[in-house]
file protein.csv (CSV, C-alpha atoms and all ligand atoms)
chain,number,residue,atom,x,y,z
A,1084,MET,CA,-116.9,189.0,19.5
A,1085,ASN,CA,-113.8,190.4,18.1
A,1086,LEU,CA,-113.0,194.0,18.6
A,1087,ASN,CA,-112.4,195.6,15.2
A,1088,ALA,CA,-112.7,199.4,14.8
A,1089,ALA,CA,-113.8,200.4,11.4
A,1090,LYS,CA,-111.7,203.1,9.8
A,1091,ARG,CA,-114.1,204.6,7.4
A,1092,LEU,CA,-117.1,205.1,9.6
A,1093,VAL,CA,-118.4,208.6,10.4
A,1094,TYR,CA,-120.1,209.3,13.7
A,1095,PRO,CA,-122.2,212.5,13.1
A,1096,LEU,CA,-123.7,212.8,16.6
A,1097,THR,CA,-120.9,213.6,19.0
A,1098,ARG,CA,-122.8,213.1,22.3
A,1099,PRO,CA,-125.1,210.1,22.8
A,1100,PRO,CA,-128.1,210.7,25.1
A,1101,GLY,CA,-127.7,209.7,28.8
A,1102,PHE,CA,-130.0,207.0,30.3
A,1103,GLY,CA,-133.6,208.1,29.8
A,1104,GLU,CA,-132.6,211.3,27.9
A,1105,LEU,CA,-134.0,212.0,24.5
A,1106,GLN,CA,-132.2,213.1,21.4
A,1107,GLU,CA,-133.8,213.8,18.1
A,1108,VAL,CA,-131.9,212.1,15.2
A,1109,ALA,CA,-134.5,212.9,12.5
A,1110,PRO,CA,-137.9,214.5,12.5
A,1111,ASN,CA,-140.1,212.4,14.9
A,1112,VAL,CA,-137.3,209.9,15.5
A,1113,LEU,CA,-135.9,210.1,19.0
A,1114,TRP,CA,-132.9,208.2,20.5
A,1115,SER,CA,-132.6,207.2,24.1
A,1116,ARG,CA,-130.6,204.8,26.1
A,1117,LEU,CA,-131.4,202.2,28.8
A,1118,PRO,CA,-128.8,200.9,31.3
A,1119,LEU,CA,-127.6,197.3,31.0
A,1120,PRO,CA,-125.7,195.3,33.6
A,1121,GLY,CA,-122.3,194.0,32.5
A,1122,GLY,CA,-119.6,195.1,30.2
A,1123,LEU,CA,-121.9,196.5,27.4
A,1124,ASP,CA,-123.5,199.1,29.7
A,1125,HIS,CA,-126.3,200.4,27.5
A,1126,ILE,CA,-128.8,199.6,24.8
A,1127,ASN,CA,-130.1,202.2,22.3
A,1128,VAL,CA,-133.9,202.4,21.9
A,1129,TRP,CA,-135.7,204.4,19.2
A,1130,LEU,CA,-139.0,206.3,19.7
A,1131,LEU,CA,-141.0,207.2,16.7
A,1132,ARG,CA,-143.6,209.8,17.2
A,1133,ASN,CA,-147.0,209.2,15.6
A,1134,ASP,CA,-150.0,211.5,15.9
A,1135,ASP,CA,-151.6,209.6,18.7
A,1136,GLY,CA,-148.5,208.4,20.6
A,1137,TYR,CA,-145.1,206.7,20.2
A,1138,ALA,CA,-143.8,203.5,18.7
A,1139,VAL,CA,-140.7,202.2,20.4
A,1140,ILE,CA,-138.1,199.9,18.8
A,1141,ASP,CA,-136.3,197.7,21.3
A,1142,THR,CA,-137.0,198.0,25.0
A,1143,GLY,CA,-134.0,197.2,27.3
A,1144,MET,CA,-133.4,194.4,29.8
A,1145,TYR,CA,-135.9,193.9,32.6
A,1146,THR,CA,-134.1,195.4,35.6
A,1147,PRO,CA,-135.2,197.8,38.3
A,1148,GLU,CA,-133.0,200.4,36.7
A,1149,ALA,CA,-134.7,200.0,33.3
A,1150,VAL,CA,-138.1,200.3,35.0
A,1151,THR,CA,-137.1,203.6,36.6
A,1152,THR,CA,-135.5,204.8,33.4
A,1153,TRP,CA,-138.7,204.0,31.4
A,1154,GLN,CA,-140.9,205.7,33.9
A,1155,GLN,CA,-138.8,208.9,33.6
A,1156,LEU,CA,-138.7,208.6,29.8
A,1157,MET,CA,-142.4,208.2,29.5
A,1158,ALA,CA,-143.0,211.2,31.7
A,1159,ASP,CA,-140.7,213.3,29.5
A,1160,LEU,CA,-142.0,212.3,26.1
A,1161,PRO,CA,-142.7,215.4,24.1
A,1162,GLY,CA,-146.5,216.1,23.8
A,1163,ASN,CA,-147.1,213.8,26.8
A,1164,ALA,CA,-148.2,211.2,24.4
A,1165,PRO,CA,-148.2,207.5,25.4
A,1166,VAL,CA,-146.2,204.6,24.1
A,1167,ARG,CA,-148.7,202.8,21.9
A,1168,ALA,CA,-146.7,200.2,20.0
A,1169,VAL,CA,-143.7,198.1,21.0
A,1170,TYR,CA,-141.3,196.6,18.4
A,1171,ALA,CA,-138.6,194.2,19.3
A,1172,THR,CA,-135.8,193.5,16.8
A,1173,HIS,CA,-135.1,190.0,18.4
A,1174,PHE,CA,-135.6,187.9,21.4
A,1175,HIS,CA,-132.4,188.7,23.4
A,1176,PRO,CA,-133.2,190.0,26.8
A,1177,ASP,CA,-131.7,193.5,26.3
A,1178,HIS,CA,-134.0,194.0,23.3
A,1179,VAL,CA,-137.3,192.3,24.4
A,1180,GLY,CA,-136.9,192.4,28.2
A,1181,MET,CA,-139.1,195.4,28.9
A,1182,ALA,CA,-141.7,194.7,26.2
A,1183,GLY,CA,-144.2,192.9,28.5
A,1184,TRP,CA,-143.7,195.7,31.1
A,1185,LEU,CA,-144.4,198.4,28.5
A,1186,MET,CA,-147.6,196.5,27.5
A,1187,SER,CA,-148.6,196.4,31.1
A,1188,GLN,CA,-148.2,200.2,31.2
A,1189,GLY,CA,-150.8,200.7,28.4
A,1190,ALA,CA,-149.1,200.0,25.1
A,1191,GLU,CA,-151.5,198.3,22.7
A,1192,GLN,CA,-149.5,196.6,20.0
A,1193,PHE,CA,-146.5,194.2,20.3
A,1194,TRP,CA,-144.6,193.5,17.1
A,1195,MET,CA,-142.0,190.8,16.5
A,1196,THR,CA,-141.1,188.4,13.7
A,1197,ARG,CA,-142.6,184.9,14.2
A,1198,LEU,CA,-139.3,183.0,15.0
A,1199,GLU,CA,-138.1,185.7,17.4
A,1200,TYR,CA,-141.5,185.6,19.2
A,1201,MET,CA,-141.6,181.8,19.4
A,1202,THR,CA,-138.0,181.6,20.5
A,1203,CYS,CA,-138.7,184.2,23.2
A,1204,ARG,CA,-141.7,182.2,24.5
A,1205,ILE,CA,-139.7,178.9,24.5
A,1206,VAL,CA,-136.7,180.3,26.3
A,1207,PHE,CA,-138.9,182.2,28.8
A,1208,SER,CA,-140.5,178.8,29.7
A,1209,GLN,CA,-137.3,176.9,30.2
A,1210,ASN,CA,-137.5,177.1,33.9
A,1211,ASN,CA,-140.5,174.8,33.7
A,1212,ASP,CA,-138.3,172.1,32.2
A,1213,ASP,CA,-137.4,169.2,34.3
A,1214,GLY,CA,-133.8,170.4,34.8
A,1215,VAL,CA,-131.3,170.7,32.1
A,1216,PRO,CA,-132.3,168.5,29.1
A,1217,PRO,CA,-129.9,165.7,28.5
A,1218,GLU,CA,-129.3,166.9,25.0
A,1219,PHE,CA,-128.2,170.3,26.3
A,1220,ASP,CA,-125.8,168.6,28.8
A,1221,ALA,CA,-124.4,166.4,26.0
A,1222,PHE,CA,-123.9,169.5,23.8
A,1223,ASN,CA,-121.9,171.3,26.5
A,1224,ARG,CA,-119.8,168.2,27.3
A,1225,SER,CA,-119.1,167.7,23.6
A,1226,ALA,CA,-117.5,171.1,23.5
A,1227,GLY,CA,-115.1,170.1,26.2
A,1228,TRP,CA,-116.8,172.0,29.1
A,1229,PRO,CA,-115.2,171.3,32.5
A,1230,GLN,CA,-117.4,170.1,35.4
A,1231,GLY,CA,-117.5,173.6,37.0
A,1232,ALA,CA,-119.0,175.1,33.9
A,1233,ILE,CA,-121.5,172.3,33.6
A,1234,GLU,CA,-122.6,173.0,37.2
A,1235,ASN,CA,-122.8,176.7,36.6
A,1236,TYR,CA,-125.0,176.1,33.6
A,1237,THR,CA,-127.3,173.8,35.7
A,1238,ARG,CA,-127.6,176.5,38.3
A,1239,GLN,CA,-128.4,179.2,35.9
A,1240,TYR,CA,-130.7,177.2,33.5
A,1241,GLY,CA,-133.9,179.0,32.9
A,1242,SER,CA,-132.6,182.4,34.1
A,1243,TYR,CA,-133.8,184.2,30.9
A,1244,ARG,CA,-137.0,185.1,32.7
A,1245,LYS,CA,-135.0,187.0,35.4
A,1246,ARG,CA,-134.0,189.5,32.7
A,1247,VAL,CA,-137.3,189.5,30.7
A,1248,SER,CA,-140.7,190.6,31.9
A,1249,GLN,CA,-143.5,188.2,31.0
A,1250,PRO,CA,-143.7,188.3,27.2
A,1251,PRO,CA,-147.2,189.2,25.9
A,1252,PHE,CA,-149.2,186.1,25.1
A,1253,SER,CA,-150.1,187.3,21.7
A,1254,TYR,CA,-148.2,189.4,19.2
A,1255,ARG,CA,-148.4,190.9,15.8
A,1256,ARG,CA,-146.1,189.4,13.2
A,1257,LEU,CA,-143.4,191.4,11.5
A,1258,VAL,CA,-142.7,190.0,8.0
A,1259,GLU,CA,-139.8,190.7,5.7
A,1260,GLY,CA,-140.8,193.5,3.2
A,1261,GLN,CA,-143.7,194.8,5.3
A,1262,THR,CA,-144.1,198.5,5.5
A,1263,HIS,CA,-144.9,200.3,8.8
A,1264,SER,CA,-145.8,203.9,9.0
A,1265,LEU,CA,-144.0,205.2,12.0
A,1266,GLY,CA,-143.3,208.8,12.9
A,1267,GLY,CA,-144.8,210.0,9.7
A,1268,SER,CA,-142.5,207.9,7.5
A,1269,ASP,CA,-142.6,204.5,5.9
A,1270,TRP,CA,-140.2,201.9,7.4
A,1271,ARG,CA,-139.6,198.6,5.6
A,1272,VAL,CA,-138.9,195.4,7.6
A,1273,VAL,CA,-135.6,193.8,6.5
A,1274,VAL,CA,-134.8,190.5,8.2
A,1275,GLY,CA,-131.3,189.2,9.0
A,1276,ASN,CA,-130.3,185.8,10.4
A,1277,GLY,CA,-127.4,184.3,12.3
A,1278,HIS,CA,-127.2,186.5,15.4
A,1279,SER,CA,-130.7,185.4,16.2
A,1280,PRO,CA,-133.3,183.4,14.1
A,1281,GLU,CA,-135.3,186.1,12.4
A,1282,HIS,CA,-133.9,189.5,13.4
A,1283,ALA,CA,-135.9,192.5,12.2
A,1284,CYS,CA,-134.2,195.7,11.0
A,1285,PHE,CA,-136.2,198.8,9.9
A,1286,TYR,CA,-135.2,200.9,6.9
A,1287,SER,CA,-136.7,204.3,6.0
A,1288,GLU,CA,-135.8,205.2,2.4
A,1289,GLU,CA,-137.3,208.7,2.9
A,1290,LEU,CA,-135.3,209.5,6.1
A,1291,LYS,CA,-132.2,207.5,4.9
A,1292,LEU,CA,-132.1,205.7,8.2
A,1293,LEU,CA,-131.6,202.0,9.1
A,1294,VAL,CA,-132.5,200.8,12.6
A,1295,SER,CA,-130.1,197.9,12.6
A,1296,GLY,CA,-130.5,196.3,16.0
A,1297,ASP,CA,-127.6,193.9,16.6
A,1298,GLN,CA,-127.4,193.0,12.9
A,1299,VAL,CA,-124.7,195.7,12.2
A,1300,LEU,CA,-122.8,197.3,15.1
A,1301,PRO,CA,-120.1,199.9,14.5
A,1302,ARG,CA,-117.2,198.7,16.7
A,1303,ILE,CA,-118.0,195.2,18.0
A,1304,SER,CA,-119.1,192.2,16.0
A,1305,SER,CA,-122.3,190.4,16.9
A,1306,ASN,CA,-122.2,187.0,18.5
A,1307,VAL,CA,-123.1,184.2,16.1
A,1308,SER,CA,-123.9,181.0,18.1
A,1309,VAL,CA,-125.0,177.5,17.6
A,1310,THR,CA,-127.4,176.6,20.5
A,1311,PRO,CA,-128.0,173.1,22.0
A,1312,MET,CA,-131.6,173.2,20.7
A,1313,ASP,CA,-130.2,173.2,17.1
A,1314,PRO,CA,-126.7,171.7,17.5
A,1315,PHE,CA,-126.0,171.1,13.8
A,1316,ALA,CA,-127.2,174.4,12.5
A,1317,ASN,CA,-125.1,176.6,10.4
A,1318,PRO,CA,-125.9,180.2,11.6
A,1319,MET,CA,-122.5,181.5,10.4
A,1320,ALA,CA,-123.6,180.9,6.8
A,1321,ASP,CA,-126.9,182.6,7.5
A,1322,TRP,CA,-125.0,185.5,9.1
A,1323,LEU,CA,-122.6,186.0,6.2
A,1324,ASP,CA,-125.5,185.7,3.7
A,1325,SER,CA,-127.7,188.2,5.5
A,1326,LEU,CA,-124.9,190.7,5.8
A,1327,LYS,CA,-124.4,190.5,2.0
A,1328,LYS,CA,-128.2,190.7,1.5
A,1329,LEU,CA,-128.3,193.8,3.6
A,1330,ARG,CA,-125.5,195.4,1.7
A,1331,ALA,CA,-127.3,194.7,-1.6
A,1332,GLU,CA,-130.7,196.0,-0.4
A,1333,ILE,CA,-129.8,199.1,1.7
A,1334,PRO,CA,-128.0,202.1,0.1
A,1335,ASP,CA,-124.7,203.2,1.6
A,1336,ASP,CA,-125.9,206.7,2.4
A,1337,VAL,CA,-128.1,205.7,5.3
A,1338,MET,CA,-127.3,206.7,8.9
A,1339,VAL,CA,-127.3,203.4,10.8
A,1340,LEU,CA,-129.0,203.5,14.2
A,1341,PRO,CA,-127.5,200.4,16.0
A,1342,ALA,CA,-128.6,198.8,19.2
A,1343,HIS,CA,-125.3,199.5,20.9
A,1344,GLN,CA,-122.7,202.3,20.5
A,1345,GLU,CA,-123.2,205.3,18.3
A,1346,CYS,CA,-125.1,206.2,15.1
A,1347,PHE,CA,-122.8,206.0,12.1
A,1348,PHE,CA,-122.4,206.4,8.3
A,1349,GLY,CA,-120.5,203.8,6.4
A,1350,LEU,CA,-122.9,200.8,6.3
A,1351,HIS,CA,-121.2,199.1,3.3
A,1352,ALA,CA,-117.7,199.6,4.6
A,1353,ARG,CA,-118.7,198.2,8.0
A,1354,ILE,CA,-120.4,195.2,6.4
A,1355,ASP,CA,-117.3,194.6,4.2
A,1356,GLU,CA,-115.1,194.8,7.2
A,1357,LEU,CA,-117.3,192.4,9.3
A,1358,VAL,CA,-117.4,189.8,6.4
A,1359,LYS,CA,-113.6,190.1,5.7
A,1360,GLU,CA,-112.7,189.7,9.4
A,1361,GLN,CA,-115.0,186.7,9.8
A,1362,GLU,CA,-113.5,185.0,6.7
A,1363,ARG,CA,-110.0,185.7,8.1
A,1364,VAL,CA,-110.9,184.1,11.4
A,1365,LEU,CA,-112.4,181.1,9.6
A,1366,GLY,CA,-109.2,180.7,7.6
A,1367,VAL,CA,-107.1,180.8,10.8
A,1368,LEU,CA,-109.4,178.3,12.4
A,1369,LEU,CA,-109.1,175.9,9.5
A,1370,GLU,CA,-105.3,176.2,9.6
A,1371,SER,CA,-105.3,175.4,13.3
A,1372,LEU,CA,-107.2,172.2,12.6
A,1373,GLN,CA,-104.5,170.8,10.3
A,1374,GLY,CA,-102.7,169.2,13.1
A,1375,SER,CA,-104.1,167.1,16.0
A,1376,PRO,CA,-107.9,167.2,16.5
A,1377,LYS,CA,-109.5,169.9,18.7
A,1378,ARG,CA,-112.7,170.4,20.6
A,1379,ALA,CA,-114.7,173.7,20.5
A,1380,LEU,CA,-113.1,174.7,23.8
A,1381,ASP,CA,-109.6,174.1,22.4
A,1382,VAL,CA,-110.1,176.7,19.6
A,1383,PHE,CA,-111.0,179.7,21.8
A,1384,ASP,CA,-107.5,181.1,21.7
A,1385,VAL,CA,-107.6,180.9,17.9
A,1386,LEU,CA,-111.0,182.6,17.6
A,1387,PHE,CA,-111.0,185.2,20.4
A,1388,SER,CA,-108.5,187.9,21.1
A,1389,ARG,CA,-109.3,188.0,24.8
A,1390,PRO,CA,-109.3,185.2,27.4
A,1391,ILE,CA,-112.7,183.4,28.0
A,1392,PRO,CA,-113.2,183.0,31.7
A,1393,GLN,CA,-114.8,179.7,32.7
A,1394,ASP,CA,-116.6,181.3,35.6
A,1395,ASN,CA,-118.4,183.8,33.5
A,1396,LEU,CA,-121.1,181.6,32.2
A,1397,LEU,CA,-122.6,184.2,29.8
A,1398,ILE,CA,-119.3,184.8,28.0
A,1399,PHE,CA,-118.3,181.1,28.2
A,1400,ASN,CA,-121.6,180.1,26.7
A,1401,LEU,CA,-121.4,182.7,23.9
A,1402,ALA,CA,-117.9,181.7,23.1
A,1403,THR,CA,-118.8,178.1,22.9
A,1404,GLY,CA,-121.8,178.8,20.7
A,1405,GLU,CA,-119.7,180.9,18.4
A,1406,ALA,CA,-116.8,178.4,18.2
A,1407,ILE,CA,-119.3,175.7,17.2
A,1408,ALA,CA,-120.9,178.1,14.7
A,1409,CYS,CA,-117.4,178.4,13.0
A,1410,LEU,CA,-116.8,174.7,13.2
A,1411,ASN,CA,-120.2,173.8,11.8
A,1412,TYR,CA,-119.6,176.3,9.0
A,1413,LEU,CA,-116.3,174.6,8.0
A,1414,TYR,CA,-117.9,171.2,8.3
A,1415,GLU,CA,-120.7,172.1,5.9
A,1416,LEU,CA,-118.1,173.4,3.5
A,1417,GLY,CA,-116.5,170.0,3.6
A,1418,GLU,CA,-113.3,171.4,5.0
A,1419,ILE,CA,-113.2,169.5,8.3
A,1420,THR,CA,-114.5,166.3,9.8
A,1421,TRP,CA,-115.3,165.3,13.4
A,1422,SER,CA,-115.4,162.3,15.6
A,1423,VAL,CA,-116.8,161.7,19.1
A,1424,ASP,CA,-114.8,160.1,21.9
A,1425,SER,CA,-116.1,157.7,24.5
A,1426,GLU,CA,-117.0,160.6,26.8
A,1427,GLY,CA,-119.0,162.4,24.3
A,1428,GLY,CA,-116.3,165.0,23.4
A,1429,ARG,CA,-116.5,166.1,19.8
A,1430,TRP,CA,-113.1,166.5,18.0
A,1431,TYR,CA,-112.6,168.4,14.8
A,1432,GLN,CA,-109.9,168.0,12.3
A,1433,ALA,CA,-109.1,169.3,8.8
A,1434,ARG,CA,-109.8,166.8,6.0
B,1501,ZN,ZN,-128.7,190.4,20.3

call {"tool": "encode", "arguments": {"input": "protein.csv", "output": "structure tokens"}}
result
Amino acid sequence: MNLNAAKRLVYPLTRPPGFGELQEVAPNVLWSRLPLPGGLDHINVWLLRNDDGYAVIDTGMYTPEAVTTWQQLMADLPGNAPVRAVYATHFHPDHVGMAGWLMSQGAEQFWMTRLEYMTCRIVFSQNNDDGVPPEFDAFNRSAGWPQGAIENYTRQYGSYRKRVSQPPFSYRRLVEGQTHSLGGSDWRVVVGNGHSPEHACFYSEELKLLVSGDQVLPRISSNVSVTPMDPFANPMADWLDSLKKLRAEIPDDVMVLPAHQECFFGLHARIDELVKEQERVLGVLLESLQGSPKRALDVFDVLFSRPIPQDNLLIFNLATGEAIACLNYLYELGEITWSVDSEGGRWYQAR
């Protein structure tokens, strides 16, 4: 969540498409944008033109504005061809939110990796839970959440389905290394982890393009969070490993098509910068734990360059998850230890 502008990136396309507009970035590869509520006001979607229709990668969040935009987009698709296949890079609402809606409009195939699909279905069903699970409550309290945030969380628990249309009840599984013929070219599935459990990227060697989803973004870093369902996980290690894997597997001369912001050249420089910045932050965090013990909430000012408002649950939740991801990473390295107080607060300290 740190802002860090890469110096060596090149943005070849000077004007991004407006919402619902189409821009060709390569033969049979079209770029469009859907509106998002909140600070990050758009998501990029990619439409690949096959002989009999389009495959779309990522779909937008399920909002009335996105429905209108998709209706306009589908009416404007060159050749009047239908959307036949829907791909979602991962389960976050801005990526998979409109997938079910697109299927209801006649798309025939829905593709996702297994862990992303399962996570999507589980989180979509959370409003059937009998309130906030005690494990989740304990997780938030262990981070030092004040009562107001706990109450906010309770009020908004299960709200994923407000931003996601009913996910299809069956899917086709994307697997690392699989090749998909889309828009007349072969695209290889490359999986990344850490931002989400099994995030799919798509690489075309022929077109020298990488659809990177949220795995690599040009000017913001992706959130890496521990969730209450898997409180002792180490997604930061997964994240750093998968960035290094991507750097090793994908050549530097690709144009990156990210889910947010603009298309860019400079994949390796951007990955190097992301890894270096994360390692710097982890170092500063470790230093801050040399003195008295701290909870996740107490290290926000060390980790984030902007204030984290308690009343913005989305931001507060992401910041908490990311703080714990950093702490679990240092714990797994053996650099820090933790103890739990009588109220369930978890306090971390350097060894
Ligand atoms: Zn995401």

call {"tool": "residues_near_ligand", "arguments": {"input": "protein.csv", "ligand": "ligand ZN 1501 (chain B)", "cutoff": "9 Å", "atoms": "only C-alpha atoms and all ligand atoms", "output": "number ranges by chain"}}
result
A: 1172-1178, 1278-1279, 1282, 1296-1298, 1305-1306, 1342

call {"tool": "write_last_selection", "arguments": {"input": "protein.csv", "atoms": "C-alpha atoms", "output": "mmCIF file, in the frame of the given file"}}
result
data_model
loop_
_atom_site.group_PDB
_atom_site.id
_atom_site.type_symbol
_atom_site.label_atom_id
_atom_site.label_comp_id
_atom_site.auth_asym_id
_atom_site.auth_seq_id
_atom_site.Cartn_x
_atom_site.Cartn_y
_atom_site.Cartn_z
ATOM 1 C CA THR A 1172 -135.800 193.500 16.800
ATOM 2 C CA HIS A 1173 -135.100 190.000 18.400
ATOM 3 C CA PHE A 1174 -135.600 187.900 21.400
ATOM 4 C CA HIS A 1175 -132.400 188.700 23.400
ATOM 5 C CA PRO A 1176 -133.200 190.000 26.800
ATOM 6 C CA ASP A 1177 -131.700 193.500 26.300
ATOM 7 C CA HIS A 1178 -134.000 194.000 23.300
ATOM 8 C CA HIS A 1278 -127.200 186.500 15.400
ATOM 9 C CA SER A 1279 -130.700 185.400 16.200
ATOM 10 C CA HIS A 1282 -133.900 189.500 13.400
ATOM 11 C CA GLY A 1296 -130.500 196.300 16.000
ATOM 12 C CA ASP A 1297 -127.600 193.900 16.600
ATOM 13 C CA GLN A 1298 -127.400 193.000 12.900
ATOM 14 C CA SER A 1305 -122.300 190.400 16.900
ATOM 15 C CA ASN A 1306 -122.200 187.000 18.500
ATOM 16 C CA ALA A 1342 -128.600 198.800 19.200
#

call {"tool": "atom_distance", "arguments": {"input": "protein.csv", "atom1": "CA of His1125 (chain A)", "atom2": "CA of Pro1099 (chain A)"}}
result
10.8 Å

call {"tool": "residues_around", "arguments": {"input": "protein.csv", "residues": "Arg1238 (chain A)", "least_positions_apart": "5", "cutoff": "10 Å", "atoms": "only C-alpha atoms", "output": "count of residues only"}}
result
4

call {"tool": "closest_residue", "arguments": {"input": "protein.csv", "among": "A:Pro1229, A:Gly1183, A:Gly1101, A:Gly1143", "to": "Asp1394 (chain A)", "atoms": "all atoms listed in the file"}}
result
A:Pro1229

call {"tool": "closest_residue", "arguments": {"input": "protein.csv", "among": "A:Lys1327, A:His1263, A:Arg1256, A:Arg1132", "to": "Leu1357 (chain A)", "atoms": "all atoms listed in the file"}}
result
A:Lys1327

call {"tool": "closest_residue", "arguments": {"input": "protein.csv", "among": "A:Glu1281, A:Glu1415, A:Asp1335, A:Glu1370", "to": "Asn1317 (chain A)", "atoms": "only C-alpha atoms"}}
result
A:Glu1415

call {"tool": "residues_around", "arguments": {"input": "protein.csv", "residues": "Pro1120 (chain A)", "least_positions_apart": "3", "cutoff": "10 Å", "atoms": "all atoms listed in the file", "output": "mmCIF file with C-alpha atoms, keeping the file's coordinate frame"}}
result
data_model
loop_
_atom_site.group_PDB
_atom_site.id
_atom_site.type_symbol
_atom_site.label_atom_id
_atom_site.label_comp_id
_atom_site.auth_asym_id
_atom_site.auth_seq_id
_atom_site.Cartn_x
_atom_site.Cartn_y
_atom_site.Cartn_z
ATOM 1 C CA LEU A 1123 -121.900 196.500 27.400
ATOM 2 C CA ASP A 1124 -123.500 199.100 29.700
ATOM 3 C CA HIS A 1125 -126.300 200.400 27.500
ATOM 4 C CA MET A 1144 -133.400 194.400 29.800
ATOM 5 C CA THR A 1146 -134.100 195.400 35.600
ATOM 6 C CA GLU A 1148 -133.000 200.400 36.700
ATOM 7 C CA ASP A 1177 -131.700 193.500 26.300
#

call {"tool": "closest_residue", "arguments": {"input": "protein.csv", "among": "A:Ile1333, A:Leu1413, A:Leu1340, A:Ala1171", "to": "Leu1257 (chain A)", "atoms": "only C-alpha atoms"}}
result
A:Ala1171

call {"tool": "decode", "arguments": {"input": "protein.csv", "residues": "region 1180-1191 of chain A", "atoms": "N, CA, C and O atoms", "output": "short mmCIF file (atom, residue, chain, number, x, y, z; two decimals), in the first residue's frame"}}
result
data_model
loop_
_atom_site.label_atom_id
_atom_site.label_comp_id
_atom_site.auth_asym_id
_atom_site.auth_seq_id
_atom_site.Cartn_x
_atom_site.Cartn_y
_atom_site.Cartn_z
N GLY A 1180 -16.36 -9.56 -9.79
CA GLY A 1180 -17.71 -9.09 -9.43
C GLY A 1180 -18.75 -9.23 -10.53
O GLY A 1180 -19.91 -9.53 -10.27
N MET A 1181 -18.36 -9.00 -11.78
CA MET A 1181 -19.35 -9.02 -12.87
C MET A 1181 -19.35 -10.35 -13.63
O MET A 1181 -20.05 -10.49 -14.63
N ALA A 1182 -18.59 -11.33 -13.13
CA ALA A 1182 -18.47 -12.60 -13.87
C ALA A 1182 -19.83 -13.31 -13.97
O ALA A 1182 -20.25 -13.74 -15.05
N GLY A 1183 -20.52 -13.43 -12.85
CA GLY A 1183 -21.82 -14.10 -12.85
C GLY A 1183 -22.80 -13.35 -13.75
O GLY A 1183 -23.57 -13.96 -14.50
N TRP A 1184 -22.76 -12.03 -13.68
CA TRP A 1184 -23.65 -11.23 -14.53
C TRP A 1184 -23.34 -11.48 -16.01
O TRP A 1184 -24.25 -11.67 -16.81
N LEU A 1185 -22.06 -11.51 -16.36
CA LEU A 1185 -21.68 -11.77 -17.77
C LEU A 1185 -22.14 -13.16 -18.21
O LEU A 1185 -22.59 -13.34 -19.34
N MET A 1186 -22.06 -14.13 -17.30
CA MET A 1186 -22.55 -15.47 -17.64
C MET A 1186 -24.07 -15.42 -17.86
O MET A 1186 -24.60 -16.08 -18.76
N SER A 1187 -24.75 -14.61 -17.05
CA SER A 1187 -26.21 -14.51 -17.21
C SER A 1187 -26.59 -13.83 -18.53
O SER A 1187 -27.72 -13.94 -18.99
N GLN A 1188 -25.64 -13.13 -19.13
CA GLN A 1188 -25.91 -12.47 -20.41
C GLN A 1188 -25.53 -13.35 -21.60
O GLN A 1188 -25.50 -12.87 -22.73
N GLY A 1189 -25.16 -14.59 -21.33
CA GLY A 1189 -24.95 -15.51 -22.45
C GLY A 1189 -23.53 -16.05 -22.58
O GLY A 1189 -23.28 -16.87 -23.46
N ALA A 1190 -22.58 -15.57 -21.74
CA ALA A 1190 -21.24 -16.15 -21.83
C ALA A 1190 -21.31 -17.63 -21.44
O ALA A 1190 -22.17 -18.04 -20.65
N GLU A 1191 -20.42 -18.43 -22.02
CA GLU A 1191 -20.55 -19.88 -21.86
C GLU A 1191 -19.50 -20.50 -20.95
O GLU A 1191 -19.71 -21.57 -20.40
#
